[in-house]
file query34.txt (compact mmCIF, N, CA and C atoms)
# COMPACT_ATOMS: atom_id res chain seq x y z
N MET D 500 0.83 -1.19 0.00
CA MET D 500 0.00 0.00 0.00
C MET D 500 0.87 1.24 0.00
N ALA D 501 0.40 2.25 -0.67
CA ALA D 501 1.17 3.49 -0.76
C ALA D 501 0.37 4.65 -0.20
N ASN D 502 1.02 5.52 0.51
CA ASN D 502 0.44 6.78 0.97
C ASN D 502 -0.86 6.62 1.75
N LYS D 503 -1.01 5.54 2.50
CA LYS D 503 -2.23 5.35 3.26
C LYS D 503 -2.09 6.06 4.60
N LYS D 504 -2.87 7.09 4.80
CA LYS D 504 -2.83 7.86 6.04
C LYS D 504 -4.26 8.06 6.53
N HIS D 505 -4.68 7.21 7.45
CA HIS D 505 -6.03 7.38 8.00
C HIS D 505 -6.04 8.63 8.87
N GLY D 506 -7.19 9.24 8.98
CA GLY D 506 -7.31 10.46 9.75
C GLY D 506 -7.10 11.69 8.90
N THR D 507 -6.80 11.51 7.62
CA THR D 507 -6.65 12.64 6.71
C THR D 507 -7.87 12.69 5.79
N ASP D 508 -7.93 13.70 4.94
CA ASP D 508 -9.06 13.84 4.03
C ASP D 508 -8.89 13.05 2.73
N SER D 509 -7.73 12.40 2.54
CA SER D 509 -7.54 11.56 1.37
C SER D 509 -6.38 10.60 1.60
N TYR D 510 -6.43 9.48 0.89
CA TYR D 510 -5.32 8.54 0.90
C TYR D 510 -5.37 7.69 -0.36
N ILE D 511 -4.23 7.08 -0.68
CA ILE D 511 -4.09 6.30 -1.91
C ILE D 511 -3.67 4.88 -1.57
N LEU D 512 -4.28 3.91 -2.24
CA LEU D 512 -3.97 2.49 -2.07
C LEU D 512 -3.46 1.93 -3.39
N GLY D 513 -2.52 1.01 -3.31
CA GLY D 513 -2.05 0.36 -4.53
C GLY D 513 -0.55 0.43 -4.66
N PRO D 514 -0.02 0.11 -5.82
CA PRO D 514 -0.72 -0.11 -7.08
C PRO D 514 -1.34 -1.51 -7.16
N TYR D 515 -2.39 -1.58 -7.97
CA TYR D 515 -3.07 -2.83 -8.27
C TYR D 515 -2.99 -3.08 -9.76
N LYS D 516 -3.13 -4.37 -10.12
CA LYS D 516 -3.13 -4.71 -11.55
C LYS D 516 -4.41 -4.19 -12.17
N GLY D 517 -4.29 -3.52 -13.29
CA GLY D 517 -5.45 -2.97 -13.98
C GLY D 517 -6.27 -4.06 -14.67
N SER D 518 -7.42 -3.68 -15.12
CA SER D 518 -8.33 -4.61 -15.79
C SER D 518 -8.04 -4.66 -17.29
N ALA D 519 -8.72 -5.57 -17.96
CA ALA D 519 -8.59 -5.66 -19.41
C ALA D 519 -9.07 -4.38 -20.08
N ALA D 520 -10.04 -3.71 -19.44
CA ALA D 520 -10.59 -2.47 -20.01
C ALA D 520 -9.55 -1.37 -20.15
N ASN D 521 -8.54 -1.36 -19.27
CA ASN D 521 -7.50 -0.33 -19.38
C ASN D 521 -6.18 -0.93 -19.86
N GLY D 522 -6.24 -2.06 -20.49
CA GLY D 522 -5.05 -2.69 -21.04
C GLY D 522 -4.15 -3.33 -19.99
N GLY D 523 -4.69 -3.57 -18.80
CA GLY D 523 -3.92 -4.19 -17.73
C GLY D 523 -2.91 -3.26 -17.07
N ARG D 524 -3.02 -1.96 -17.35
CA ARG D 524 -2.09 -0.99 -16.77
C ARG D 524 -2.32 -0.89 -15.26
N PRO D 525 -1.25 -0.81 -14.49
CA PRO D 525 -1.40 -0.69 -13.03
C PRO D 525 -2.16 0.59 -12.65
N ILE D 526 -2.96 0.48 -11.59
CA ILE D 526 -3.73 1.63 -11.10
C ILE D 526 -3.54 1.81 -9.60
N TYR D 527 -3.82 3.00 -9.14
CA TYR D 527 -3.92 3.31 -7.73
C TYR D 527 -5.39 3.64 -7.46
N VAL D 528 -5.86 3.33 -6.26
CA VAL D 528 -7.20 3.70 -5.84
C VAL D 528 -7.07 4.86 -4.88
N LYS D 529 -7.80 5.93 -5.16
CA LYS D 529 -7.75 7.14 -4.33
C LYS D 529 -9.07 7.29 -3.60
N LYS D 530 -8.99 7.45 -2.28
CA LYS D 530 -10.17 7.72 -1.45
C LYS D 530 -10.01 9.13 -0.92
N TYR D 531 -11.08 9.93 -1.04
CA TYR D 531 -10.99 11.31 -0.56
C TYR D 531 -12.35 11.78 -0.06
N LYS D 532 -12.30 12.74 0.84
CA LYS D 532 -13.51 13.32 1.38
C LYS D 532 -13.85 14.55 0.54
N GLY D 533 -15.04 14.53 -0.05
CA GLY D 533 -15.48 15.62 -0.91
C GLY D 533 -15.99 16.80 -0.11
N GLU D 534 -16.33 17.85 -0.82
CA GLU D 534 -16.87 19.05 -0.18
C GLU D 534 -18.18 18.77 0.54
N ASP D 535 -18.87 17.70 0.11
CA ASP D 535 -20.12 17.32 0.74
C ASP D 535 -19.90 16.56 2.05
N GLY D 536 -18.62 16.30 2.40
CA GLY D 536 -18.29 15.59 3.63
C GLY D 536 -18.33 14.08 3.49
N LYS D 537 -18.72 13.58 2.31
CA LYS D 537 -18.79 12.14 2.07
C LYS D 537 -17.49 11.64 1.45
N TRP D 538 -17.18 10.35 1.71
CA TRP D 538 -16.00 9.74 1.12
C TRP D 538 -16.32 9.29 -0.30
N HIS D 539 -15.37 9.53 -1.21
CA HIS D 539 -15.49 9.15 -2.61
C HIS D 539 -14.30 8.27 -2.99
N THR D 540 -14.49 7.41 -3.98
CA THR D 540 -13.43 6.53 -4.45
C THR D 540 -13.26 6.71 -5.95
N THR D 541 -12.02 6.80 -6.39
CA THR D 541 -11.73 6.90 -7.81
C THR D 541 -10.42 6.15 -8.07
N SER D 542 -10.08 5.96 -9.32
CA SER D 542 -8.81 5.31 -9.65
C SER D 542 -8.00 6.22 -10.56
N ILE D 543 -6.71 5.98 -10.56
CA ILE D 543 -5.78 6.77 -11.36
C ILE D 543 -4.68 5.82 -11.85
N THR D 544 -4.24 5.98 -13.08
CA THR D 544 -3.19 5.08 -13.58
C THR D 544 -1.88 5.35 -12.84
N LYS D 545 -1.06 4.33 -12.78
CA LYS D 545 0.24 4.45 -12.12
C LYS D 545 1.08 5.54 -12.77
N ALA D 546 1.04 5.62 -14.10
CA ALA D 546 1.83 6.63 -14.81
C ALA D 546 1.38 8.04 -14.42
N ARG D 547 0.08 8.27 -14.38
CA ARG D 547 -0.43 9.60 -14.01
C ARG D 547 -0.08 9.93 -12.56
N HIS D 548 -0.25 8.94 -11.68
CA HIS D 548 0.08 9.16 -10.26
C HIS D 548 1.54 9.55 -10.10
N GLU D 549 2.43 8.79 -10.74
CA GLU D 549 3.86 9.09 -10.60
C GLU D 549 4.21 10.43 -11.23
N TYR D 550 3.60 10.76 -12.37
CA TYR D 550 3.85 12.06 -13.01
C TYR D 550 3.41 13.19 -12.07
N GLU D 551 2.22 13.06 -11.50
CA GLU D 551 1.70 14.11 -10.63
C GLU D 551 2.52 14.24 -9.34
N GLN D 552 3.07 13.15 -8.85
CA GLN D 552 3.91 13.21 -7.66
C GLN D 552 5.16 14.05 -7.91
N LYS D 553 5.69 13.99 -9.13
CA LYS D 553 6.93 14.70 -9.46
C LYS D 553 6.69 16.09 -10.04
N ASN D 554 5.54 16.28 -10.72
CA ASN D 554 5.34 17.52 -11.49
C ASN D 554 4.09 18.31 -11.12
N GLY D 555 3.29 17.82 -10.22
CA GLY D 555 2.05 18.51 -9.87
C GLY D 555 0.87 18.00 -10.68
N LYS D 556 -0.30 18.47 -10.32
CA LYS D 556 -1.56 18.02 -10.90
C LYS D 556 -1.63 18.26 -12.41
N VAL D 557 -2.17 17.28 -13.13
CA VAL D 557 -2.38 17.39 -14.57
C VAL D 557 -3.71 18.10 -14.79
N ALA D 558 -3.72 19.07 -15.68
CA ALA D 558 -4.92 19.88 -15.95
C ALA D 558 -6.05 19.03 -16.52
N LYS D 559 -7.27 19.48 -16.29
CA LYS D 559 -8.46 18.81 -16.81
C LYS D 559 -8.39 18.78 -18.34
N GLY D 560 -8.76 17.65 -18.93
CA GLY D 560 -8.73 17.51 -20.39
C GLY D 560 -7.37 17.08 -20.92
N LYS D 561 -6.41 16.91 -20.04
CA LYS D 561 -5.07 16.47 -20.43
C LYS D 561 -4.83 15.06 -19.92
N GLU D 562 -3.93 14.34 -20.55
CA GLU D 562 -3.58 12.98 -20.15
C GLU D 562 -2.07 12.81 -20.13
N VAL D 563 -1.62 11.84 -19.35
CA VAL D 563 -0.21 11.50 -19.32
C VAL D 563 0.03 10.47 -20.41
N ASP D 564 0.97 10.76 -21.28
CA ASP D 564 1.27 9.93 -22.45
C ASP D 564 2.63 9.27 -22.29
N HIS D 565 2.76 8.04 -22.79
CA HIS D 565 4.05 7.35 -22.86
C HIS D 565 4.63 7.66 -24.24
N LYS D 566 5.71 8.38 -24.29
CA LYS D 566 6.30 8.80 -25.57
C LYS D 566 6.62 7.61 -26.48
N ASP D 567 7.13 6.52 -25.88
CA ASP D 567 7.56 5.37 -26.69
C ASP D 567 6.46 4.31 -26.87
N ASN D 568 5.23 4.61 -26.42
CA ASN D 568 4.09 3.70 -26.50
C ASN D 568 4.24 2.44 -25.65
N ASN D 569 5.27 2.36 -24.83
CA ASN D 569 5.46 1.23 -23.93
C ASN D 569 4.84 1.59 -22.59
N HIS D 570 3.66 1.04 -22.31
CA HIS D 570 2.92 1.40 -21.10
C HIS D 570 3.55 0.82 -19.84
N ASN D 571 4.57 0.02 -19.97
CA ASN D 571 5.31 -0.48 -18.81
C ASN D 571 6.49 0.43 -18.47
N ASN D 572 6.80 1.38 -19.34
CA ASN D 572 7.93 2.28 -19.14
C ASN D 572 7.43 3.60 -18.55
N ASP D 573 7.38 3.66 -17.22
CA ASP D 573 6.90 4.87 -16.54
C ASP D 573 8.05 5.76 -16.09
N SER D 574 9.19 5.66 -16.77
CA SER D 574 10.33 6.51 -16.38
C SER D 574 9.99 7.97 -16.65
N LYS D 575 10.56 8.86 -15.88
CA LYS D 575 10.27 10.28 -15.95
C LYS D 575 10.44 10.84 -17.36
N GLY D 576 11.49 10.43 -18.05
CA GLY D 576 11.76 10.93 -19.39
C GLY D 576 10.82 10.42 -20.45
N ASN D 577 10.02 9.38 -20.12
CA ASN D 577 9.11 8.80 -21.10
C ASN D 577 7.68 9.31 -20.94
N LEU D 578 7.41 10.08 -19.90
CA LEU D 578 6.05 10.57 -19.66
C LEU D 578 5.95 12.04 -20.02
N ARG D 579 4.82 12.40 -20.64
CA ARG D 579 4.56 13.80 -20.97
C ARG D 579 3.04 14.02 -20.92
N VAL D 580 2.64 15.27 -20.80
CA VAL D 580 1.23 15.62 -20.78
C VAL D 580 0.82 16.12 -22.16
N ILE D 581 -0.26 15.53 -22.70
CA ILE D 581 -0.81 15.98 -23.98
C ILE D 581 -2.33 16.02 -23.84
N SER D 582 -3.00 16.65 -24.80
CA SER D 582 -4.46 16.71 -24.76
C SER D 582 -5.04 15.31 -24.97
N LYS D 583 -6.24 15.13 -24.45
CA LYS D 583 -6.90 13.83 -24.60
C LYS D 583 -7.09 13.49 -26.08
N SER D 584 -7.48 14.48 -26.89
CA SER D 584 -7.70 14.22 -28.32
C SER D 584 -6.41 13.81 -29.02
N ALA D 585 -5.29 14.45 -28.67
CA ALA D 585 -4.00 14.09 -29.26
C ALA D 585 -3.60 12.68 -28.85
N ASN D 586 -3.89 12.31 -27.60
CA ASN D 586 -3.54 10.98 -27.12
C ASN D 586 -4.38 9.91 -27.81
N VAL D 587 -5.67 10.17 -27.99
CA VAL D 587 -6.55 9.23 -28.70
C VAL D 587 -6.08 9.06 -30.14
N ALA D 588 -5.74 10.17 -30.81
CA ALA D 588 -5.25 10.10 -32.19
C ALA D 588 -3.96 9.29 -32.27
N LYS D 589 -3.08 9.50 -31.32
CA LYS D 589 -1.81 8.76 -31.29
C LYS D 589 -2.07 7.27 -31.09
N GLU D 590 -2.96 6.92 -30.17
CA GLU D 590 -3.28 5.51 -29.92
C GLU D 590 -3.92 4.87 -31.15
N ASN D 591 -4.83 5.59 -31.81
CA ASN D 591 -5.47 5.05 -33.03
C ASN D 591 -4.44 4.80 -34.12
N LYS D 592 -3.52 5.74 -34.29
CA LYS D 592 -2.47 5.59 -35.30
C LYS D 592 -1.59 4.38 -34.96
N HIS D 593 -1.26 4.23 -33.68
CA HIS D 593 -0.43 3.13 -33.23
C HIS D 593 -1.13 1.79 -33.47
N ARG D 594 -2.43 1.74 -33.15
CA ARG D 594 -3.21 0.49 -33.37
C ARG D 594 -3.30 0.15 -34.86
N ALA D 595 -3.55 1.16 -35.70
CA ALA D 595 -3.66 0.93 -37.14
C ALA D 595 -2.34 0.40 -37.70
N HIS D 596 -1.23 0.93 -37.20
CA HIS D 596 0.08 0.48 -37.65
C HIS D 596 0.31 -0.97 -37.24
N LYS D 597 -0.08 -1.34 -36.01
CA LYS D 597 0.08 -2.71 -35.55
C LYS D 597 -0.79 -3.67 -36.36
N LYS D 598 -2.00 -3.23 -36.71
CA LYS D 598 -2.94 -4.07 -37.45
C LYS D 598 -2.45 -4.32 -38.87
N ALA D 599 -1.77 -3.34 -39.47
CA ALA D 599 -1.29 -3.45 -40.85
C ALA D 599 -0.14 -4.44 -40.99
N LYS D 600 0.54 -4.74 -39.90
CA LYS D 600 1.69 -5.67 -39.97
C LYS D 600 1.28 -7.09 -40.20

call {"tool": "encode", "arguments": {"input": "query34.txt", "output": "C-alpha cells"}}
result
Amino acid sequence: MANKKHGTDSYILGPYKGSAANGGRPIYVKKYKGEDGKWHTTSITKARHEYEQKNGKVAKGKEVDHKDNNHNNDSKGNLRVISKSANVAKENKHRAHKKAK
C-alpha cells in the first residue's frame, strides 16, 4: 500500500493490476472526502500518479502519455502531458500500424 494515512481527508492504495478495459495498466485507488463531507473513491493510472507526484496536478482535459508507447515504461523521461484528443489520435495511429503488420 502506498500513501495510506487514515485520519486525513484523502489517501491512496495500490498499485493494483489494472483490468482488461484499461489494457492491464497498473492503477492506484484514491479515497478522498469531498466538499459534501462524504467519502469518494476513484482510480488513477500508475503513470499519471507518478507524473503528478513529481510535477504537480495534470490539468483537466489532459492525459499522461508514454512517448515510446510502452505502457510499462513509466520513467520520468518517457512521460509527458498531452491533450486527450492528441492521445486518442496517437493511440489510433499506433493500433492501425500494428494491425497493418

call {"tool": "select_by_dssp", "arguments": {"input": "query34.txt", "residues": "chain D", "states": "helix (DSSP H, G or I)", "output": "MDAnalysis selection string"}}
result
chainID D and resid 519:521 545:554 575:577 583:599

call {"tool": "residues_around", "arguments": {"input": "query34.txt", "residues": "Thr544 (chain D)", "least_positions_apart": "6", "cutoff": "8 Å", "atoms": "only C-alpha atoms", "output": "list in words"}}
result
Arg524, Pro525, Ile526 and Tyr527 of chain D

call {"tool": "residues_around", "arguments": {"input": "query34.txt", "residues": "Lys566 (chain D)", "least_positions_apart": "2", "cutoff": "6.5 Å", "atoms": "only N, CA and C atoms", "output": "list in words"}}
result
Asp564, Asn568, Asn569, Asn577, Leu578 and Arg579 of chain D

call {"tool": "select_by_dssp", "arguments": {"input": "query34.txt", "residues": "region 520-599 of chain D", "states": "strand (DSSP E)", "output": "MDAnalysis selection string"}}
result
chainID D and resid 526:532 538:544 561:565 578:582

call {"tool": "atom_distance", "arguments": {"input": "query34.txt", "atom1": "CA of Val528 (chain D)", "atom2": "CA of Thr541 (chain D)"}}
result
5.9 Å

call {"tool": "closest_residue", "arguments": {"input": "query34.txt", "among": "D:Lys537, D:Lys553, D:Lys529, D:Lys589", "to": "Leu512 (chain D)", "atoms": "all atoms listed in the file"}}
result
D:Lys529

call {"tool": "atom_distance", "arguments": {"input": "query34.txt", "atom1": "atom C of Ser518 (chain D)", "atom2": "atom C of Ala595 (chain D)"}}
result
21.8 Å

call {"tool": "atom_distance", "arguments": {"input": "query34.txt", "atom1": "CA of Val563 (chain D)", "atom2": "CA of Asn586 (chain D)"}}
result
8.5 Å

call {"tool": "residues_around", "arguments": {"input": "query34.txt", "residues": "Asp508 (chain D)", "least_positions_apart": "3", "cutoff": "6 Å", "atoms": "only N, CA and C atoms", "output": "ChimeraX atom specification"}}
result
/D:530-532

call {"tool": "closest_residue", "arguments": {"input": "query34.txt", "among": "D:Ala520, D:Val580, D:Ala558, D:Ile511", "to": "Ala546 (chain D)", "atoms": "only C-alpha atoms"}}
result
D:Val580
